[in-house]
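Since the structure comes first, as structure tokens, the remarks are kept for the end.
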There are 2 protein chains.
Amino acid sequence: MSIGPKQALYGEFALVARALGSPHRLEMLEHLAQGERGVEALAERVGLAVANASQHLQQLRRAGLVTSRRAGKFVLYRLADDTVLGLTMALSEVAERNLAEVERIRRTYFTARDGMEPVSREELMTRLRDGLVTVLDVRPADEFASGHLPGAVNIPLGELADRLAQLDPEQEIVAYCRGPWCVLSFEAVAALRARGFKVRRLQDGWPEWKASGLPVEQDAAVPTDPVPSRH
Amino acid sequence: MSIGPKQALYGEFALVARALGSPHRLEMLEHLAQGERGVEALAERVGLAVANASQHLQQLRRAGLVTSRRAGKFVLYRLADDTVLGLTMALSEVAERNLAEVERIRRTYFTARDGMEPVSREELMTRLRDGLVTVLDVRPADEFASGHLPGAVNIPLGELADRLAQLDPEQEIVAYCRGPWCVLSFEAVAALRARGFKVRRLQDGWPEWKASGLPVEQDAAVPTDPVPSRH
DNA sequence: AATATATTCAATTTATCTATTGAATGATAT
DNA sequence: ATATCATTCAATAGATAAATTGAATATATT
């Protein structure tokens, strides 16, 4: 006797959920939400051995969360489609609303750096039209290159202290990075505010901006969307 | 040296994801999406020993997916809030779009029972206002009792063959059950259509209808929303 | 107070997942 | 062709999760 369709389906859904069930893989997905990345770059950023990162990526691929393509001697991974970002957002929303530990982390780390409300995407769009605001992207240069907000200035967090001269102290700054739980923009806001800048954070980050269908910019060198392969 | 906020957060998110990573627990969540249920009722419906079901429920509770309250000698579990349904929907959407096996199951089981497009919630609402349609709920009686579509008739799938006289052969029937992947309404549609009834399925099921904020009905005997406890 | 019932806890075995290491594969460059 | 580099595979040991069983707890009933 074989299993019914219900058991088979829940088996598949559970496969997807288990793929999300590792901190390392969730972090990889956050990085992949910034754009396509190679195995070694991902391994380095999440602090894993390359072989180990490769295994995790294959698990994500088996779960239908990412796809890969070969580009010369590199294999590039990307999110399978935009429902994946929606799934990770739903996951963090549940955790945020129902786990006390998440609330505790938010209080002790995030609101200590920035207690202000973030600027909504809509508000930033209208203010961009009037040219009243500097948009600051504090992610590493390669992430900025593979896509960013229109007119954004890229100063990676590590270089911020040395490049303050590039920022107009009179104009309000809106800083953003990888997403709602990315620490870079929180650190940037705290650092800049201590130096007297008027700065707020953008609601969420680059992946959510892009997913909202708002206008984006991309550096010329980055290849335009290839057709991703499933295996 | 302690771990940073990013690692701590991803640890929490992964905890939620792992809780979804078991077919049994996903099935429990589908049942809980119908309304509050006791441990034994859930254990029986998903085919687990009571002690085993209890352990799974506690895992769901630690992950913030369900809450429980004691009612006399029973402990009743329910979904923690409406973001949980959103998470399970996002999970099945990713699986549906990116896993070939899910598509295969859909073809070989579901579209074999009903190849027609389901009736949208909006369409059903307008047709309900004109009284042109019989709404048929094929879930078990207790699930119907804890909440159903306005004016719906409850004939559990197992009793359907014996109770055909209750259905008007001239009027179109819209059948629904627990959700988009629940087999009950598919079986009901196939059975009724074979007997000449005009019948279609509703888009999704009861939990999604309720979450849409559309009007609902509930049997008098069922207690109205208590304040759920977290532990 | 004693008993019955529903649920949870604790301990065990079995199965599955993770990280590590070194070798194998597949593509490019010389 | 050979060498080189990025990635994947295979095998292992260690860690984590699942199902089972029997005992313990908490509430209701007698």
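To be explicit about the labels: the chains of the structure tokens are called A, B, and onward in the order shown, and within each one the residues are counted from 1, while ligands get numbers from 1 in the order they are shown.
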Run DSSP on the backbone of this structure and report the residues of region 96-184 of chain A it assigns to strand (DSSP E or B), as a VMD selection string. chain A and resid 119 133 to 137 148 153 to 154 172 to 176
Deliver the residues from the most recent selection as a file, using N, CA and C atoms, as a short mmCIF file (atom, residue, chain, number, x, y, z; two decimals), in the first residue's frame.
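Contents of result_16.cif, freshly written:
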data_model
loop_
_atom_site.label_atom_id
_atom_site.label_comp_id
_atom_site.auth_asym_id
_atom_site.auth_seq_id
_atom_site.Cartn_x
_atom_site.Cartn_y
_atom_site.Cartn_z
N VAL A 119 11.80 54.84 7.66
CA VAL A 119 11.10 55.54 6.58
C VAL A 119 10.45 54.50 5.68
N VAL A 133 16.70 64.17 -0.18
CA VAL A 133 17.25 63.15 0.69
C VAL A 133 18.43 62.43 0.03
N THR A 134 19.43 62.08 0.84
CA THR A 134 20.54 61.26 0.37
C THR A 134 20.24 59.81 0.73
N VAL A 135 20.25 58.92 -0.25
CA VAL A 135 20.04 57.51 0.02
C VAL A 135 21.39 56.83 0.15
N LEU A 136 21.61 56.18 1.27
CA LEU A 136 22.91 55.60 1.59
C LEU A 136 22.82 54.09 1.69
N ASP A 137 23.58 53.41 0.85
CA ASP A 137 23.63 51.94 0.84
C ASP A 137 24.92 51.52 1.54
N HIS A 148 20.72 48.22 -6.66
CA HIS A 148 20.53 49.14 -5.54
C HIS A 148 19.43 50.14 -5.83
N VAL A 153 24.02 56.24 -2.81
CA VAL A 153 25.46 56.32 -2.63
C VAL A 153 25.89 55.08 -1.87
N ASN A 154 26.95 54.42 -2.33
CA ASN A 154 27.42 53.22 -1.62
C ASN A 154 28.65 53.54 -0.79
N GLU A 172 18.98 65.29 4.95
CA GLU A 172 18.64 64.06 5.67
C GLU A 172 19.11 62.85 4.87
N ILE A 173 19.62 61.88 5.61
CA ILE A 173 20.13 60.64 5.01
C ILE A 173 19.16 59.52 5.33
N VAL A 174 18.88 58.65 4.34
CA VAL A 174 18.13 57.42 4.59
C VAL A 174 19.05 56.26 4.28
N ALA A 175 19.35 55.45 5.29
CA ALA A 175 20.29 54.34 5.13
C ALA A 175 19.54 53.02 5.02
N TYR A 176 20.11 52.11 4.22
CA TYR A 176 19.50 50.78 4.12
C TYR A 176 20.60 49.76 3.89
#
What does chain A look like after a least-squares fit onto chain B on every Cα paired in order, written as a CSV table (one decimal) with C-alpha atoms, in the first residue's frame?
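Saved the output as superposed32.csv:
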chain,number,residue,atom,x,y,z
A,1,MET,CA,32.7,35.5,23.2
A,2,SER,CA,29.0,35.3,22.7
A,3,ILE,CA,27.2,35.1,19.4
A,4,GLY,CA,26.0,38.2,17.6
A,5,PRO,CA,22.4,39.3,17.1
A,6,LYS,CA,22.3,38.0,13.6
A,7,GLN,CA,23.2,34.5,14.6
A,8,ALA,CA,20.8,34.6,17.5
A,9,LEU,CA,18.0,35.8,15.2
A,10,TYR,CA,18.6,33.2,12.5
A,11,GLY,CA,18.7,30.6,15.3
A,12,GLU,CA,15.2,31.6,16.3
A,13,PHE,CA,13.9,31.7,12.7
A,14,ALA,CA,15.4,28.3,12.1
A,15,LEU,CA,13.6,27.0,15.2
A,16,VAL,CA,10.3,28.1,13.6
A,17,ALA,CA,11.2,26.5,10.3
A,18,ARG,CA,12.2,23.2,11.8
A,19,ALA,CA,8.9,23.1,13.6
A,20,LEU,CA,7.3,23.1,10.1
A,21,GLY,CA,9.7,20.5,8.9
A,22,SER,CA,7.6,17.4,9.8
A,23,PRO,CA,4.7,16.1,7.7
A,24,HIS,CA,2.8,15.2,10.9
A,25,ARG,CA,3.1,18.7,12.3
A,26,LEU,CA,2.1,20.3,9.1
A,27,GLU,CA,-1.0,18.1,9.1
A,28,MET,CA,-1.7,19.1,12.7
A,29,LEU,CA,-1.5,22.8,11.7
A,30,GLU,CA,-4.0,22.2,8.9
A,31,HIS,CA,-6.4,20.8,11.4
A,32,LEU,CA,-5.8,23.6,13.9
A,33,ALA,CA,-6.5,26.1,11.1
A,34,GLN,CA,-10.1,24.8,11.2
A,35,GLY,CA,-10.4,25.8,14.9
A,36,GLU,CA,-9.4,24.9,18.4
A,37,ARG,CA,-8.8,21.2,19.1
A,38,GLY,CA,-7.8,18.9,21.9
A,39,VAL,CA,-4.7,16.7,22.0
A,40,GLU,CA,-6.6,13.4,21.6
A,41,ALA,CA,-8.7,14.6,18.7
A,42,LEU,CA,-5.6,15.8,16.9
A,43,ALA,CA,-3.7,12.6,17.6
A,44,GLU,CA,-6.5,10.5,16.2
A,45,ARG,CA,-6.9,12.6,13.0
A,46,VAL,CA,-3.2,12.6,12.1
A,47,GLY,CA,-2.7,8.9,13.2
A,48,LEU,CA,-0.3,9.4,16.1
A,49,ALA,CA,-0.1,8.1,19.6
A,50,VAL,CA,-1.3,10.6,22.1
A,51,ALA,CA,2.0,11.0,23.8
A,52,ASN,CA,3.7,11.5,20.5
A,53,ALA,CA,1.1,14.1,19.3
A,54,SER,CA,1.6,15.9,22.6
A,55,GLN,CA,5.4,16.2,22.0
A,56,HIS,CA,4.8,17.5,18.5
A,57,LEU,CA,2.3,20.1,19.8
A,58,GLN,CA,4.8,21.2,22.4
A,59,GLN,CA,7.4,21.7,19.6
A,60,LEU,CA,4.9,23.8,17.7
A,61,ARG,CA,4.3,25.8,20.9
A,62,ARG,CA,8.0,26.4,21.5
A,63,ALA,CA,8.2,27.7,17.9
A,64,GLY,CA,5.4,30.1,18.5
A,65,LEU,CA,3.1,28.5,16.0
A,66,VAL,CA,0.4,27.5,18.4
A,67,THR,CA,-0.8,28.4,21.9
A,68,SER,CA,-2.8,26.3,24.3
A,69,ARG,CA,-5.3,26.8,27.1
A,70,ARG,CA,-6.7,24.4,29.6
A,71,ALA,CA,-10.5,23.8,29.5
A,72,GLY,CA,-11.5,21.5,32.4
A,73,LYS,CA,-9.6,18.3,31.9
A,74,PHE,CA,-8.7,19.0,28.3
A,75,VAL,CA,-5.9,21.1,26.9
A,76,LEU,CA,-7.0,22.9,23.7
A,77,TYR,CA,-4.5,24.1,21.1
A,78,ARG,CA,-5.0,26.7,18.5
A,79,LEU,CA,-2.9,28.6,15.9
A,80,ALA,CA,-0.9,31.4,17.7
A,81,ASP,CA,-2.2,34.1,15.3
A,82,ASP,CA,-3.1,34.7,11.7
A,83,THR,CA,0.5,35.1,10.5
A,84,VAL,CA,0.8,31.4,11.0
A,85,LEU,CA,-1.7,30.6,8.2
A,86,GLY,CA,0.2,33.1,6.0
A,87,LEU,CA,3.4,31.2,6.7
A,88,THR,CA,1.9,27.8,5.8
A,89,MET,CA,0.4,29.4,2.7
A,90,ALA,CA,3.8,30.8,1.7
A,91,LEU,CA,5.4,27.4,2.3
A,92,SER,CA,3.0,25.6,0.0
A,93,GLU,CA,3.2,28.3,-2.6
A,94,VAL,CA,7.0,27.9,-2.9
A,95,ALA,CA,6.7,24.1,-3.0
A,96,GLU,CA,4.0,24.3,-5.6
A,97,ARG,CA,6.0,26.6,-7.8
A,98,ASN,CA,9.4,25.1,-7.5
A,99,LEU,CA,9.1,21.4,-6.8
A,100,ALA,CA,8.3,19.1,-9.8
A,101,GLU,CA,7.1,16.4,-7.5
A,102,VAL,CA,4.3,18.7,-6.2
A,103,GLU,CA,3.2,19.4,-9.7
A,104,ARG,CA,3.2,15.7,-10.4
A,105,ILE,CA,1.0,15.0,-7.4
A,106,ARG,CA,-1.4,17.7,-8.5
A,107,ARG,CA,-1.7,16.3,-12.0
A,108,THR,CA,-2.1,12.6,-11.0
A,109,TYR,CA,-4.4,13.1,-8.1
A,110,PHE,CA,-6.1,16.5,-7.9
A,111,THR,CA,-6.8,17.5,-11.5
A,112,ALA,CA,-7.9,13.9,-12.2
A,113,ARG,CA,-10.7,14.6,-9.7
A,114,ASP,CA,-11.5,18.2,-10.8
A,115,GLY,CA,-9.9,19.8,-13.8
A,116,MET,CA,-12.1,22.9,-13.5
A,117,GLU,CA,-11.0,26.3,-12.1
A,118,PRO,CA,-12.2,26.8,-8.5
A,119,VAL,CA,-14.8,29.5,-7.8
A,120,SER,CA,-13.1,32.5,-6.3
A,121,ARG,CA,-14.2,33.8,-2.9
A,122,GLU,CA,-15.3,37.1,-4.4
A,123,GLU,CA,-17.4,35.4,-7.0
A,124,LEU,CA,-19.0,33.2,-4.4
A,125,MET,CA,-19.9,36.2,-2.3
A,126,THR,CA,-21.8,37.9,-5.1
A,127,ARG,CA,-23.6,34.7,-6.0
A,128,LEU,CA,-24.5,34.1,-2.4
A,129,ARG,CA,-26.2,37.5,-2.3
A,130,ASP,CA,-28.4,36.5,-5.2
A,131,GLY,CA,-29.2,33.1,-3.6
A,132,LEU,CA,-28.1,31.2,-6.8
A,133,VAL,CA,-25.9,28.7,-5.2
A,134,THR,CA,-25.8,25.9,-2.6
A,135,VAL,CA,-22.6,26.0,-0.4
A,136,LEU,CA,-21.5,22.6,0.6
A,137,ASP,CA,-19.1,21.9,3.5
A,138,VAL,CA,-17.8,18.4,3.4
A,139,ARG,CA,-15.7,18.5,6.5
A,140,PRO,CA,-16.5,16.4,9.6
A,141,ALA,CA,-19.3,17.8,11.8
A,142,ASP,CA,-17.1,19.1,14.6
A,143,GLU,CA,-15.0,21.2,12.2
A,144,PHE,CA,-18.2,22.6,10.6
A,145,ALA,CA,-19.5,23.4,14.1
A,146,SER,CA,-16.4,25.5,15.0
A,147,GLY,CA,-16.9,27.8,12.0
A,148,HIS,CA,-18.2,27.7,8.4
A,149,LEU,CA,-19.3,29.8,5.5
A,150,PRO,CA,-22.6,31.6,5.9
A,151,GLY,CA,-25.6,29.4,4.9
A,152,ALA,CA,-23.4,26.4,4.2
A,153,VAL,CA,-24.9,22.9,4.4
A,154,ASN,CA,-22.7,20.3,6.1
A,155,ILE,CA,-22.6,16.9,4.7
A,156,PRO,CA,-19.3,15.1,5.6
A,157,LEU,CA,-17.8,13.3,2.7
A,158,GLY,CA,-18.4,9.9,4.2
A,159,GLU,CA,-22.2,10.6,4.4
A,160,LEU,CA,-22.5,12.2,1.0
A,161,ALA,CA,-23.7,9.2,-1.0
A,162,ASP,CA,-26.5,8.6,1.5
A,163,ARG,CA,-27.7,12.2,1.7
A,164,LEU,CA,-27.9,13.2,-2.0
A,165,ALA,CA,-31.7,14.0,-1.5
A,166,GLN,CA,-30.6,17.0,0.6
A,167,LEU,CA,-29.1,18.6,-2.5
A,168,ASP,CA,-31.1,20.4,-5.2
A,169,PRO,CA,-30.0,18.9,-8.6
A,170,GLU,CA,-31.0,22.1,-10.4
A,171,GLN,CA,-28.9,24.5,-8.4
A,172,GLU,CA,-25.2,24.9,-8.7
A,173,ILE,CA,-23.2,23.6,-5.8
A,174,VAL,CA,-19.9,25.1,-4.5
A,175,ALA,CA,-18.0,22.6,-2.3
A,176,TYR,CA,-15.2,23.4,0.1
A,177,CYS,CA,-13.2,21.8,2.9
A,178,ARG,CA,-10.0,22.5,4.8
A,179,GLY,CA,-7.9,24.2,2.3
A,180,PRO,CA,-6.4,24.2,-1.2
A,181,TRP,CA,-4.7,20.7,-0.7
A,182,CYS,CA,-7.5,19.0,1.2
A,183,VAL,CA,-8.8,16.0,-0.7
A,184,LEU,CA,-12.3,16.0,0.7
A,185,SER,CA,-13.8,18.6,-1.7
A,186,PHE,CA,-12.0,17.0,-4.6
A,187,GLU,CA,-13.6,13.6,-3.8
A,188,ALA,CA,-16.9,15.3,-3.3
A,189,VAL,CA,-16.8,17.1,-6.6
A,190,ALA,CA,-15.9,13.9,-8.5
A,191,ALA,CA,-18.7,11.9,-6.7
A,192,LEU,CA,-21.3,14.5,-7.3
A,193,ARG,CA,-20.4,15.3,-10.8
A,194,ALA,CA,-20.7,11.5,-11.7
A,195,ARG,CA,-24.3,11.7,-10.4
A,196,GLY,CA,-25.1,14.7,-12.7
A,197,PHE,CA,-24.8,17.5,-10.2
A,198,LYS,CA,-23.5,20.9,-11.3
A,199,VAL,CA,-20.7,21.4,-8.8
A,200,ARG,CA,-17.5,23.3,-8.5
A,201,ARG,CA,-14.9,23.7,-5.8
A,202,LEU,CA,-14.3,26.9,-3.8
A,203,GLN,CA,-10.9,28.5,-4.1
A,204,ASP,CA,-8.9,27.3,-1.0
A,205,GLY,CA,-11.0,26.4,2.1
A,206,TRP,CA,-12.4,27.5,5.4
A,207,PRO,CA,-9.2,29.0,7.0
A,208,GLU,CA,-8.5,31.1,4.0
A,209,TRP,CA,-12.1,32.3,3.7
A,210,LYS,CA,-12.0,33.4,7.4
A,211,ALA,CA,-8.6,35.0,7.0
A,212,SER,CA,-9.9,37.1,4.1
A,213,GLY,CA,-12.3,38.8,6.5
A,214,LEU,CA,-15.4,37.6,4.8
A,215,PRO,CA,-18.6,36.9,6.8
A,216,VAL,CA,-18.7,33.6,8.8
A,217,GLU,CA,-21.1,31.6,10.8
A,218,GLN,CA,-20.5,29.5,14.0
A,219,ASP,CA,-22.6,27.1,15.9
A,220,ALA,CA,-24.0,28.4,19.2
A,221,ALA,CA,-22.5,25.6,21.4
A,222,VAL,CA,-18.9,26.5,20.6
A,223,PRO,CA,-17.3,28.9,23.1
A,224,THR,CA,-16.5,32.4,21.8
A,225,ASP,CA,-12.8,33.3,21.5
A,226,PRO,CA,-11.1,33.0,24.8
A,227,VAL,CA,-7.9,34.8,25.6
A,228,PRO,CA,-5.2,32.2,24.7
A,229,SER,CA,-2.3,31.6,27.1
A,230,ARG,CA,1.3,31.4,25.9
A,231,HIS,CA,2.3,28.5,28.1
When DSSP is applied to the backbone of this structure, which of region 14-101 of chain A are assigned alpha helix (DSSP H)? Write them out as a PyMOL selection string. chain A and resi 14-19+23-32+39-46+50-62+82-98+100-101
May I ask which of the residues C:DT16, C:DT21, C:DT3, C:DT28 is the closest one to chain A, counting only C-alpha atoms (C1' of nucleotides)?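 Looking only at the distances to chain A, the closest residue turns out to be C:DT28.
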Residues of chain C within 10 Å of chain B, counting only C-alpha atoms (C1' of nucleotides) - could you list those as a count of residues only? 5
Find the residues in chain D near chain B: any atom within 8 Å counts, using only C-alpha atoms (C1' of nucleotides). Write them as an MDAnalysis selection string. chainID D and resid 19 27:28
Smallest atom-to-atom distance to DT12 (chain D): which of C:DA24, C:DA10, C:DA29, C:DA19, using only C-alpha atoms (C1' of nucleotides)?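 Among the listed residues, C:DA19 lies closest to DT12 (chain D).
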What separates C1' of DA26 (chain D) and C1' of DA2 (chain C) is a distance of 15.0 Å
